[in-house]
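As structure tokens, the structure follows; a few thoughts come after it.
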Amino acid sequence: MLQRPGRSALTALGTVLGVGTFVAVLGLTATTSSQIDTRFNALSATEVTVEDIAHEQDEFAGLAFPADADARIERLNGVEHAGVYWPVRLAPGELVRSSAIAGSDGAQNSIDVVAASPGVFAAAGTRLAEGRVYDAYASELAAPVAVIGAGVADRLGITTLETHPAIFIGSQPFTVTGVVADTDRKADLLLSVVVPRTTAERIWGRPEAGGGKMLITTSLGAAPQIAEEAATALRPDHPEYFKAVPPPDPKTLRGQVGDDLNQLFLLLAAICLVIGAVGIANTTLVAVLERTGEIGLRRALGARGRHITVQFLAESGALGALGGLVGTSLGVLTVVIVAMFRNWTPVIHPVTAAAAPAIGLATGVIAGLYPAWRAARIQPAEALRR
């Protein structure tokens, strides 16, 4: 090994890459899984949905949410944003069109129309590609304005807001003020046309019984408290008209995402280890062929086959162990660097870091089995003749 340091280094490089990849992918998997857990936990611990169930208490009750529902909820300690919304039921002939004269080809009957107070956009964490959302002033005036999702903009052929484009819902024109590019919650906004709730009430009337909902975002950990207080804050006279619904537990989804990442990265790590093992086996086999004379001389001086086997297994095992140590260090360093640039907390299981050098040693020994066996079968007389 020391007589050919360059070859030894290149031979160990395969194990370095294999073990380094093994440690890096497992560490990155654990780190990203931790970030996924954190993200899910943050969303579930800061979101409350309030449903209108007034029709269950009084069959003649209309929309239970008051006109100033957003302001009432936002006065609660711990609430960040809140907004009321409901799906608008259109008549069969009322389609979303890109112009007043658009024919059937220009009409979109699969686009949802949502009535929402201005607070819904902040509560959903919307990010705009262009323009702005309508404000409380536009809502008070019941202005004919709309915010559309990026998917709707593509389907209607709206590429810019500089020309102040309008869309038509049935025969009603609406000026498009903003295009939603992404949301943290309520992803259906990307495929919907959102209009002020007051405008929707003026044109289409109040929603059907039980159609209204409120989305509330809170400070971290305040969701349970807000869920208990929301009904009373909305309607002190009839808190039974509302039902606070906590978000579903995402443990199953988290587990599936984590399992998929683990399986994928473990497969990649295994492939890298196989490549490293093949490199060690190939180099060790070449060394056996080059050192046939040395093997024959040792056998002639009394060395047995097992001695030759142990010699080559020791060399391949040493290369594997050395590659495992260096690879482990590089893998851990990779995880730390990636986490640092992403502002994540690096997560590496101690078993992974401890087992990686042993995996490198095992890879080297396994890779050297065939070359060592072949070296042990070389006959002294034949080796000396070569």
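Letters for chains follow the order of the structure tokens (A, B, ...), residue numbers begin at 1 for each chain, and ligand numbers begin at 1 in the order shown.
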Tell me, as a PDB file with all heavy atoms, in the first residue's frame, which residues lie within 9 Å of A:Leu190, counting only C-alpha atoms; anything in the same chain fewer than 6 positions away does not count.
```pdb
ATOM      1  N   ILE A 148     -57.357  36.542  -8.948  1.00  0.00           N
ATOM      2  CA  ILE A 148     -57.410  35.228  -9.583  1.00  0.00           C
ATOM      3  C   ILE A 148     -56.117  34.467  -9.315  1.00  0.00           C
ATOM      4  O   ILE A 148     -55.064  35.052  -9.072  1.00  0.00           O
ATOM      5  CB  ILE A 148     -57.646  35.340 -11.102  1.00  0.00           C
ATOM      6  CG1 ILE A 148     -56.490  36.079 -11.768  1.00  0.00           C
ATOM      7  CG2 ILE A 148     -58.964  36.039 -11.379  1.00  0.00           C
ATOM      8  CD1 ILE A 148     -56.617  36.152 -13.288  1.00  0.00           C
ATOM      9  N   GLY A 149     -56.208  33.148  -9.340  1.00  0.00           N
ATOM     10  CA  GLY A 149     -55.033  32.316  -9.192  1.00  0.00           C
ATOM     11  C   GLY A 149     -54.232  32.256 -10.472  1.00  0.00           C
ATOM     12  O   GLY A 149     -54.722  32.573 -11.563  1.00  0.00           O
ATOM     13  N   ALA A 150     -52.980  31.833 -10.340  1.00  0.00           N
ATOM     14  CA  ALA A 150     -52.111  31.763 -11.515  1.00  0.00           C
ATOM     15  C   ALA A 150     -52.660  30.792 -12.546  1.00  0.00           C
ATOM     16  O   ALA A 150     -52.552  31.029 -13.761  1.00  0.00           O
ATOM     17  CB  ALA A 150     -50.702  31.349 -11.086  1.00  0.00           C
ATOM     18  N   GLY A 151     -53.276  29.691 -12.086  1.00  0.00           N
ATOM     19  CA  GLY A 151     -53.855  28.740 -13.022  1.00  0.00           C
ATOM     20  C   GLY A 151     -55.010  29.337 -13.805  1.00  0.00           C
ATOM     21  O   GLY A 151     -55.157  29.084 -15.012  1.00  0.00           O
ATOM     22  N   VAL A 152     -55.826  30.131 -13.142  1.00  0.00           N
ATOM     23  CA  VAL A 152     -56.940  30.788 -13.818  1.00  0.00           C
ATOM     24  C   VAL A 152     -56.426  31.803 -14.834  1.00  0.00           C
ATOM     25  O   VAL A 152     -56.955  31.915 -15.949  1.00  0.00           O
ATOM     26  CB  VAL A 152     -57.869  31.467 -12.791  1.00  0.00           C
ATOM     27  CG1 VAL A 152     -58.968  32.254 -13.492  1.00  0.00           C
ATOM     28  CG2 VAL A 152     -58.466  30.425 -11.860  1.00  0.00           C
ATOM     29  N   VAL A 179     -52.845  38.588  -9.121  1.00  0.00           N
ATOM     30  CA  VAL A 179     -52.711  37.182  -9.520  1.00  0.00           C
ATOM     31  C   VAL A 179     -51.935  36.462  -8.425  1.00  0.00           C
ATOM     32  O   VAL A 179     -50.809  36.859  -8.094  1.00  0.00           O
ATOM     33  CB  VAL A 179     -51.987  37.051 -10.868  1.00  0.00           C
ATOM     34  CG1 VAL A 179     -51.801  35.571 -11.227  1.00  0.00           C
ATOM     35  CG2 VAL A 179     -52.746  37.776 -11.963  1.00  0.00           C
ATOM     36  N   VAL A 180     -52.535  35.434  -7.849  1.00  0.00           N
ATOM     37  CA  VAL A 180     -51.915  34.684  -6.761  1.00  0.00           C
ATOM     38  C   VAL A 180     -50.940  33.660  -7.338  1.00  0.00           C
ATOM     39  O   VAL A 180     -51.337  32.821  -8.163  1.00  0.00           O
ATOM     40  CB  VAL A 180     -52.980  33.972  -5.900  1.00  0.00           C
ATOM     41  CG1 VAL A 180     -52.320  33.152  -4.799  1.00  0.00           C
ATOM     42  CG2 VAL A 180     -53.934  34.998  -5.300  1.00  0.00           C
ATOM     43  N   ALA A 181     -49.687  33.735  -6.908  1.00  0.00           N
ATOM     44  CA  ALA A 181     -48.672  32.798  -7.396  1.00  0.00           C
ATOM     45  C   ALA A 181     -48.550  31.578  -6.508  1.00  0.00           C
ATOM     46  O   ALA A 181     -48.284  30.464  -6.986  1.00  0.00           O
ATOM     47  CB  ALA A 181     -47.318  33.500  -7.502  1.00  0.00           C
ATOM     48  N   ASP A 182     -48.727  31.733  -5.195  1.00  0.00           N
ATOM     49  CA  ASP A 182     -48.548  30.604  -4.279  1.00  0.00           C
ATOM     50  C   ASP A 182     -49.226  30.937  -2.952  1.00  0.00           C
ATOM     51  O   ASP A 182     -49.472  32.114  -2.647  1.00  0.00           O
ATOM     52  CB  ASP A 182     -47.062  30.329  -4.054  1.00  0.00           C
ATOM     53  CG  ASP A 182     -46.809  28.959  -3.447  1.00  0.00           C
ATOM     54  OD1 ASP A 182     -47.770  28.177  -3.345  1.00  0.00           O
ATOM     55  OD2 ASP A 182     -45.662  28.673  -3.061  1.00  0.00           O
ATOM     56  N   THR A 183     -49.529  29.900  -2.176  1.00  0.00           N
ATOM     57  CA  THR A 183     -50.143  30.084  -0.867  1.00  0.00           C
ATOM     58  C   THR A 183     -49.562  29.076   0.112  1.00  0.00           C
ATOM     59  O   THR A 183     -49.096  27.999  -0.283  1.00  0.00           O
ATOM     60  CB  THR A 183     -51.674  29.875  -0.917  1.00  0.00           C
ATOM     61  OG1 THR A 183     -51.945  28.509  -1.242  1.00  0.00           O
ATOM     62  CG2 THR A 183     -52.321  30.781  -1.937  1.00  0.00           C
TER      63      THR A 183
END
```
Judged by only C-alpha atoms, the minimum distance to A:Ala318 among A:Leu90, A:Thr15, A:Ala269, A:Arg304 is found for A:Thr15
Using only C-alpha atoms, find the one residue out of A:Gly6, A:Ala281, A:Val113, A:Arg299 that sits nearest to A:Ser192. A:Val113
Kindly indicate which residue among A:Met340, A:Leu191, A:Leu266, A:Ile271 lies nearest to A:Val147, using only C-alpha atoms for the distances. A:Leu191
Within 9 Å of A:Ala287, counting only C-alpha atoms, which residues show up once you throw out same-chain ones fewer than 5 positions away? Write them as an MDAnalysis selection string, please. chainID A and resid 282 292 371
Selection file, all heavy atoms, as a PDB file, in the first residue's frame:
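again25.pdb was written with the following content:
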```pdb
ATOM      1  N   ASN A 282     -11.339  -4.568  -8.081  1.00  0.00           N
ATOM      2  CA  ASN A 282     -10.580  -4.493  -9.319  1.00  0.00           C
ATOM      3  C   ASN A 282      -9.111  -4.172  -9.052  1.00  0.00           C
ATOM      4  O   ASN A 282      -8.202  -4.820  -9.601  1.00  0.00           O
ATOM      5  CB  ASN A 282     -11.205  -3.422 -10.221  1.00  0.00           C
ATOM      6  CG  ASN A 282     -10.479  -3.300 -11.551  1.00  0.00           C
ATOM      7  OD1 ASN A 282     -10.425  -4.230 -12.331  1.00  0.00           O
ATOM      8  ND2 ASN A 282      -9.907  -2.126 -11.794  1.00  0.00           N
ATOM      9  N   THR A 292       2.549 -11.634  -8.440  1.00  0.00           N
ATOM     10  CA  THR A 292       2.573 -13.090  -8.495  1.00  0.00           C
ATOM     11  C   THR A 292       3.920 -13.631  -8.043  1.00  0.00           C
ATOM     12  O   THR A 292       4.008 -14.622  -7.308  1.00  0.00           O
ATOM     13  CB  THR A 292       2.252 -13.567  -9.923  1.00  0.00           C
ATOM     14  OG1 THR A 292       0.968 -13.084 -10.306  1.00  0.00           O
ATOM     15  CG2 THR A 292       2.266 -15.086 -10.001  1.00  0.00           C
ATOM     16  N   PRO A 371     -10.107 -11.655  -4.859  1.00  0.00           N
ATOM     17  CA  PRO A 371      -8.682 -11.536  -5.149  1.00  0.00           C
ATOM     18  C   PRO A 371      -7.807 -12.308  -4.148  1.00  0.00           C
ATOM     19  O   PRO A 371      -6.811 -12.933  -4.542  1.00  0.00           O
ATOM     20  CB  PRO A 371      -8.424 -10.024  -5.057  1.00  0.00           C
ATOM     21  CG  PRO A 371      -9.741  -9.405  -5.360  1.00  0.00           C
ATOM     22  CD  PRO A 371     -10.747 -10.318  -4.754  1.00  0.00           C
TER      23      PRO A 371
END
```
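The closest residue to A:Glu74, picked from A:Thr163, A:Thr218, A:Thr345, A:Thr232 and counting only C-alpha atoms, is A:Thr218.
Ranking A:Phe312, A:Val193, A:Val79, A:Ser171 by their shortest atom-to-atom distance to A:Val286, with only C-alpha atoms included, puts A:Phe312 first.
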Can you tell me which residues surround stretch 118-121 of chain A at a distance of at most 8 Å, considering only C-alpha atoms, apart from same-chain residues fewer than 5 positions away, and format the answer as a list in words?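 Here the qualifying residues turn out to be Asp70, His81, Ala82, Gly83, Val84, Tyr85, Thr126, Val133, Tyr134, Asp135, Ala136, Ser139, Pro196 and Leu215 of chain A.
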Just write the chosen residues, N, CA, C and O atoms, as a tab-separated table (two decimals), in the first residue's frame.
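So the final result, stored in out39.tsv, reads:
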```
chain	number	residue	atom	x	y	z
A	70	ASP	N	-63.97	39.59	10.66
A	70	ASP	CA	-62.50	39.63	10.67
A	70	ASP	C	-61.98	40.45	11.85
A	70	ASP	O	-61.08	40.01	12.57
A	81	HIS	N	-54.18	36.67	11.66
A	81	HIS	CA	-55.05	37.06	10.55
A	81	HIS	C	-56.30	36.18	10.57
A	81	HIS	O	-56.28	35.06	11.08
A	82	ALA	N	-57.38	36.71	9.99
A	82	ALA	CA	-58.62	35.95	9.92
A	82	ALA	C	-59.44	36.46	8.76
A	82	ALA	O	-59.39	37.66	8.41
A	83	GLY	N	-60.21	35.56	8.14
A	83	GLY	CA	-61.05	35.95	7.02
A	83	GLY	C	-62.17	34.94	6.79
A	83	GLY	O	-62.00	33.74	7.02
A	84	VAL	N	-63.33	35.45	6.35
A	84	VAL	CA	-64.50	34.63	6.06
A	84	VAL	C	-64.54	34.35	4.56
A	84	VAL	O	-64.23	35.23	3.75
A	85	TYR	N	-64.96	33.15	4.20
A	85	TYR	CA	-65.07	32.80	2.79
A	85	TYR	C	-66.16	31.75	2.59
A	85	TYR	O	-66.55	31.05	3.52
A	126	THR	N	-50.93	34.13	1.10
A	126	THR	CA	-50.81	34.21	-0.35
A	126	THR	C	-49.62	35.07	-0.75
A	126	THR	O	-49.27	36.05	-0.09
A	133	VAL	N	-54.02	42.47	-3.69
A	133	VAL	CA	-55.34	41.98	-3.32
A	133	VAL	C	-56.22	43.19	-2.99
A	133	VAL	O	-55.73	44.29	-2.72
A	134	TYR	N	-57.53	42.98	-3.04
A	134	TYR	CA	-58.44	44.06	-2.68
A	134	TYR	C	-58.41	44.28	-1.16
A	134	TYR	O	-58.13	43.36	-0.39
A	135	ASP	N	-58.68	45.50	-0.74
A	135	ASP	CA	-58.59	45.85	0.66
A	135	ASP	C	-59.98	46.02	1.27
A	135	ASP	O	-61.00	45.79	0.63
A	136	ALA	N	-60.00	46.44	2.56
A	136	ALA	CA	-61.27	46.61	3.27
A	136	ALA	C	-62.13	47.70	2.62
A	136	ALA	O	-63.37	47.60	2.64
A	139	SER	N	-63.94	46.23	-0.20
A	139	SER	CA	-64.97	45.34	0.32
A	139	SER	C	-66.17	46.12	0.83
A	139	SER	O	-67.32	45.72	0.63
A	196	PRO	N	-64.82	40.04	-3.38
A	196	PRO	CA	-65.21	40.45	-2.03
A	196	PRO	C	-66.54	39.83	-1.61
A	196	PRO	O	-67.44	39.66	-2.44
A	215	LEU	N	-61.16	31.23	8.14
A	215	LEU	CA	-59.79	30.75	8.31
A	215	LEU	C	-59.06	31.69	9.24
A	215	LEU	O	-59.03	32.90	9.01
```
Using only C-alpha atoms, can you tell me which of A:Val332, A:Arg374, A:Ala227, A:Glu294 comes closest to A:His349?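 Looking at the shortest contact to A:His349, the residue is A:Val332.
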Contacts of A:Gly212 at 8 Å or less, counting only C-alpha atoms, minus same-chain residues fewer than 2 places along, as a count of residues only? 12
Residue set, stretch 63-196 of chain A restricted to helix (DSSP H, G or I), as a ChimeraX atom specification: /A:69-74,104-106,119-124,136-140,150-156,187-191
Next, dump the selected residues to file, keeping only N, CA and C atoms, as a compact mmCIF listing (two decimals), in the first residue's frame.
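out.txt was written with the following content:
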```txt
# COMPACT_ATOMS: atom_id res chain seq x y z
N ALA A 69 -66.68 40.29 11.06
CA ALA A 69 -66.14 39.07 11.66
C ALA A 69 -64.62 39.09 11.73
N ASP A 70 -63.97 39.59 10.66
CA ASP A 70 -62.50 39.63 10.67
C ASP A 70 -61.98 40.45 11.85
N ALA A 71 -62.55 41.65 12.03
CA ALA A 71 -62.09 42.53 13.09
C ALA A 71 -62.36 41.93 14.47
N ARG A 72 -63.49 41.27 14.65
CA ARG A 72 -63.81 40.68 15.95
C ARG A 72 -62.79 39.61 16.35
N ILE A 73 -62.44 38.78 15.39
CA ILE A 73 -61.49 37.70 15.71
C ILE A 73 -60.08 38.25 15.88
N GLU A 74 -59.70 39.22 15.07
CA GLU A 74 -58.33 39.74 15.15
C GLU A 74 -58.07 40.49 16.43
N SER A 104 -68.41 29.98 -26.42
CA SER A 104 -68.28 28.83 -25.53
C SER A 104 -66.82 28.42 -25.35
N ASP A 105 -66.00 28.69 -26.41
CA ASP A 105 -64.58 28.33 -26.29
C ASP A 105 -63.86 29.21 -25.29
N GLY A 106 -64.34 30.44 -25.11
CA GLY A 106 -63.69 31.35 -24.19
C GLY A 106 -64.25 31.31 -22.79
N GLY A 119 -59.28 39.55 4.77
CA GLY A 119 -58.38 38.85 5.68
C GLY A 119 -58.01 37.45 5.25
N VAL A 120 -58.77 36.86 4.31
CA VAL A 120 -58.48 35.50 3.86
C VAL A 120 -57.10 35.43 3.20
N PHE A 121 -56.75 36.44 2.44
CA PHE A 121 -55.47 36.41 1.73
C PHE A 121 -54.30 36.37 2.71
N ALA A 122 -54.37 37.19 3.75
CA ALA A 122 -53.30 37.19 4.75
C ALA A 122 -53.31 35.89 5.54
N ALA A 123 -54.50 35.37 5.88
CA ALA A 123 -54.57 34.13 6.64
C ALA A 123 -54.06 32.95 5.85
N ALA A 124 -54.29 32.95 4.54
CA ALA A 124 -53.84 31.85 3.70
C ALA A 124 -52.37 31.98 3.34
N ALA A 136 -60.00 46.44 2.56
CA ALA A 136 -61.27 46.61 3.27
C ALA A 136 -62.13 47.70 2.62
N TYR A 137 -61.50 48.71 2.05
CA TYR A 137 -62.27 49.79 1.41
C TYR A 137 -63.05 49.26 0.21
N ALA A 138 -62.38 48.45 -0.62
CA ALA A 138 -63.07 47.85 -1.78
C ALA A 138 -64.18 46.92 -1.32
N SER A 139 -63.94 46.23 -0.20
CA SER A 139 -64.97 45.34 0.32
C SER A 139 -66.17 46.12 0.83
N GLU A 140 -65.93 47.25 1.50
CA GLU A 140 -67.04 48.06 2.01
C GLU A 140 -67.88 48.61 0.87
N ALA A 150 -52.98 31.83 -10.34
CA ALA A 150 -52.11 31.76 -11.52
C ALA A 150 -52.66 30.79 -12.55
N GLY A 151 -53.28 29.69 -12.09
CA GLY A 151 -53.86 28.74 -13.02
C GLY A 151 -55.01 29.34 -13.81
N VAL A 152 -55.83 30.13 -13.14
CA VAL A 152 -56.94 30.79 -13.82
C VAL A 152 -56.43 31.80 -14.83
N ALA A 153 -55.39 32.54 -14.46
CA ALA A 153 -54.82 33.53 -15.39
C ALA A 153 -54.33 32.87 -16.67
N ASP A 154 -53.69 31.71 -16.53
CA ASP A 154 -53.22 30.99 -17.72
C ASP A 154 -54.38 30.53 -18.59
N ARG A 155 -55.43 30.02 -17.97
CA ARG A 155 -56.57 29.51 -18.73
C ARG A 155 -57.33 30.62 -19.44
N LEU A 156 -57.36 31.81 -18.84
CA LEU A 156 -58.08 32.93 -19.44
C LEU A 156 -57.19 33.79 -20.34
N ALA A 187 -54.70 25.93 -0.99
CA ALA A 187 -54.11 25.90 -2.33
C ALA A 187 -55.16 26.03 -3.43
N ASP A 188 -56.43 25.80 -3.09
CA ASP A 188 -57.48 25.93 -4.11
C ASP A 188 -57.64 27.36 -4.60
N LEU A 189 -57.06 28.34 -3.88
CA LEU A 189 -57.11 29.73 -4.35
C LEU A 189 -56.36 29.89 -5.67
N LEU A 190 -55.40 29.01 -5.93
CA LEU A 190 -54.63 29.11 -7.17
C LEU A 190 -55.49 28.79 -8.39
N LEU A 191 -56.61 28.11 -8.18
CA LEU A 191 -57.48 27.72 -9.29
C LEU A 191 -58.86 28.37 -9.17
```
Using only C-alpha atoms, which protein or nucleic acid residues come within 7 Å of A:Ala54? Drop anything in the same chain fewer than 5 positions from it, and give the result as a PyMOL selection string. chain A and resi 61+64+210+241-242
Selection: 6 Å around stretch 18-30 of chain A, only C-alpha atoms, excl. self and same-chain fewer than 3 positions, as a list in words: Thr15, Ser33, Phe265, Ala269, Cys272, Leu273, Gly276, Gly324, Gly327, Thr328, Leu330, Gly331, Val335, Val347 and Ile348 of chain A
Can you write just those residues out, all heavy atoms, as an mmCIF file, in the first residue's frame?
```cif
data_model
loop_
_atom_site.group_PDB
_atom_site.id
_atom_site.type_symbol
_atom_site.label_atom_id
_atom_site.label_comp_id
_atom_site.auth_asym_id
_atom_site.auth_seq_id
_atom_site.Cartn_x
_atom_site.Cartn_y
_atom_site.Cartn_z
ATOM 1 N N THR A 15 -14.414 3.908 -1.919
ATOM 2 C CA THR A 15 -15.066 3.744 -0.612
ATOM 3 C C THR A 15 -15.352 5.101 0.018
ATOM 4 O O THR A 15 -16.375 5.274 0.692
ATOM 5 C CB THR A 15 -14.179 2.908 0.313
ATOM 6 O OG1 THR A 15 -13.800 1.720 -0.371
ATOM 7 C CG2 THR A 15 -14.914 2.542 1.584
ATOM 8 N N SER A 33 -36.260 15.631 6.891
ATOM 9 C CA SER A 33 -37.444 15.099 7.585
ATOM 10 C C SER A 33 -37.762 15.942 8.810
ATOM 11 O O SER A 33 -38.929 16.194 9.125
ATOM 12 C CB SER A 33 -37.219 13.645 7.990
ATOM 13 O OG SER A 33 -37.057 12.821 6.858
ATOM 14 N N PHE A 265 -32.898 7.547 -0.762
ATOM 15 C CA PHE A 265 -31.513 7.858 -0.445
ATOM 16 C C PHE A 265 -30.716 6.625 -0.045
ATOM 17 O O PHE A 265 -29.523 6.533 -0.319
ATOM 18 C CB PHE A 265 -31.465 8.923 0.659
ATOM 19 C CG PHE A 265 -31.871 10.291 0.183
ATOM 20 C CD1 PHE A 265 -32.547 11.163 1.018
ATOM 21 C CD2 PHE A 265 -31.573 10.706 -1.092
ATOM 22 C CE1 PHE A 265 -32.923 12.423 0.579
ATOM 23 C CE2 PHE A 265 -31.944 11.960 -1.554
ATOM 24 C CZ PHE A 265 -32.615 12.814 -0.710
ATOM 25 N N ALA A 269 -27.245 5.409 -1.725
ATOM 26 C CA ALA A 269 -26.063 5.089 -0.929
ATOM 27 C C ALA A 269 -25.571 3.679 -1.220
ATOM 28 O O ALA A 269 -24.359 3.440 -1.319
ATOM 29 C CB ALA A 269 -26.385 5.252 0.556
ATOM 30 N N CYS A 272 -23.665 3.627 -4.458
ATOM 31 C CA CYS A 272 -22.320 4.192 -4.291
ATOM 32 C C CYS A 272 -21.382 3.206 -3.599
ATOM 33 O O CYS A 272 -20.208 3.089 -3.957
ATOM 34 C CB CYS A 272 -22.392 5.495 -3.496
ATOM 35 S SG CYS A 272 -23.218 6.835 -4.368
ATOM 36 N N LEU A 273 -21.888 2.477 -2.603
ATOM 37 C CA LEU A 273 -21.052 1.492 -1.915
ATOM 38 C C LEU A 273 -20.667 0.354 -2.851
ATOM 39 O O LEU A 273 -19.535 -0.139 -2.810
ATOM 40 C CB LEU A 273 -21.796 0.942 -0.697
ATOM 41 C CG LEU A 273 -21.868 1.874 0.512
ATOM 42 C CD1 LEU A 273 -22.713 1.247 1.609
ATOM 43 C CD2 LEU A 273 -20.473 2.190 1.041
ATOM 44 N N GLY A 276 -17.882 1.556 -4.980
ATOM 45 C CA GLY A 276 -16.624 1.546 -4.224
ATOM 46 C C GLY A 276 -16.071 0.148 -4.066
ATOM 47 O O GLY A 276 -14.850 -0.073 -4.175
ATOM 48 N N GLY A 324 -13.612 4.578 4.658
ATOM 49 C CA GLY A 324 -14.787 4.782 5.497
ATOM 50 C C GLY A 324 -14.614 5.943 6.455
ATOM 51 O O GLY A 324 -15.542 6.746 6.649
ATOM 52 N N GLY A 327 -14.599 9.128 4.330
ATOM 53 C CA GLY A 327 -15.945 9.339 3.798
ATOM 54 C C GLY A 327 -16.919 9.801 4.865
ATOM 55 O O GLY A 327 -17.780 10.656 4.615
ATOM 56 N N THR A 328 -16.809 9.229 6.072
ATOM 57 C CA THR A 328 -17.674 9.657 7.171
ATOM 58 C C THR A 328 -17.466 11.131 7.495
ATOM 59 O O THR A 328 -18.421 11.892 7.682
ATOM 60 C CB THR A 328 -17.421 8.808 8.418
ATOM 61 O OG1 THR A 328 -17.653 7.433 8.118
ATOM 62 C CG2 THR A 328 -18.322 9.223 9.565
ATOM 63 N N LEU A 330 -16.272 13.465 5.488
ATOM 64 C CA LEU A 330 -16.783 14.303 4.400
ATOM 65 C C LEU A 330 -18.310 14.323 4.396
ATOM 66 O O LEU A 330 -18.922 15.362 4.106
ATOM 67 C CB LEU A 330 -16.261 13.788 3.058
ATOM 68 C CG LEU A 330 -14.747 13.930 2.824
ATOM 69 C CD1 LEU A 330 -14.362 13.341 1.473
ATOM 70 C CD2 LEU A 330 -14.323 15.397 2.903
ATOM 71 N N GLY A 331 -18.939 13.176 4.701
ATOM 72 C CA GLY A 331 -20.397 13.133 4.739
ATOM 73 C C GLY A 331 -20.971 14.034 5.814
ATOM 74 O O GLY A 331 -21.938 14.773 5.579
ATOM 75 N N VAL A 335 -23.343 17.496 5.337
ATOM 76 C CA VAL A 335 -24.632 17.753 5.996
ATOM 77 C C VAL A 335 -24.592 19.094 6.730
ATOM 78 O O VAL A 335 -25.544 19.892 6.654
ATOM 79 C CB VAL A 335 -24.973 16.611 6.970
ATOM 80 C CG1 VAL A 335 -26.233 16.937 7.764
ATOM 81 C CG2 VAL A 335 -25.164 15.302 6.216
ATOM 82 N N VAL A 347 -29.105 17.271 11.408
ATOM 83 C CA VAL A 347 -29.494 16.109 12.194
ATOM 84 C C VAL A 347 -28.771 14.883 11.633
ATOM 85 O O VAL A 347 -28.976 14.520 10.477
ATOM 86 C CB VAL A 347 -31.023 15.878 12.141
ATOM 87 C CG1 VAL A 347 -31.403 14.641 12.944
ATOM 88 C CG2 VAL A 347 -31.763 17.100 12.672
ATOM 89 N N ILE A 348 -27.906 14.290 12.437
ATOM 90 C CA ILE A 348 -27.186 13.072 12.061
ATOM 91 C C ILE A 348 -27.314 12.082 13.202
ATOM 92 O O ILE A 348 -26.927 12.381 14.334
ATOM 93 C CB ILE A 348 -25.696 13.352 11.763
ATOM 94 C CG1 ILE A 348 -25.563 14.369 10.631
ATOM 95 C CG2 ILE A 348 -24.964 12.052 11.405
ATOM 96 C CD1 ILE A 348 -24.136 14.754 10.332
#
```
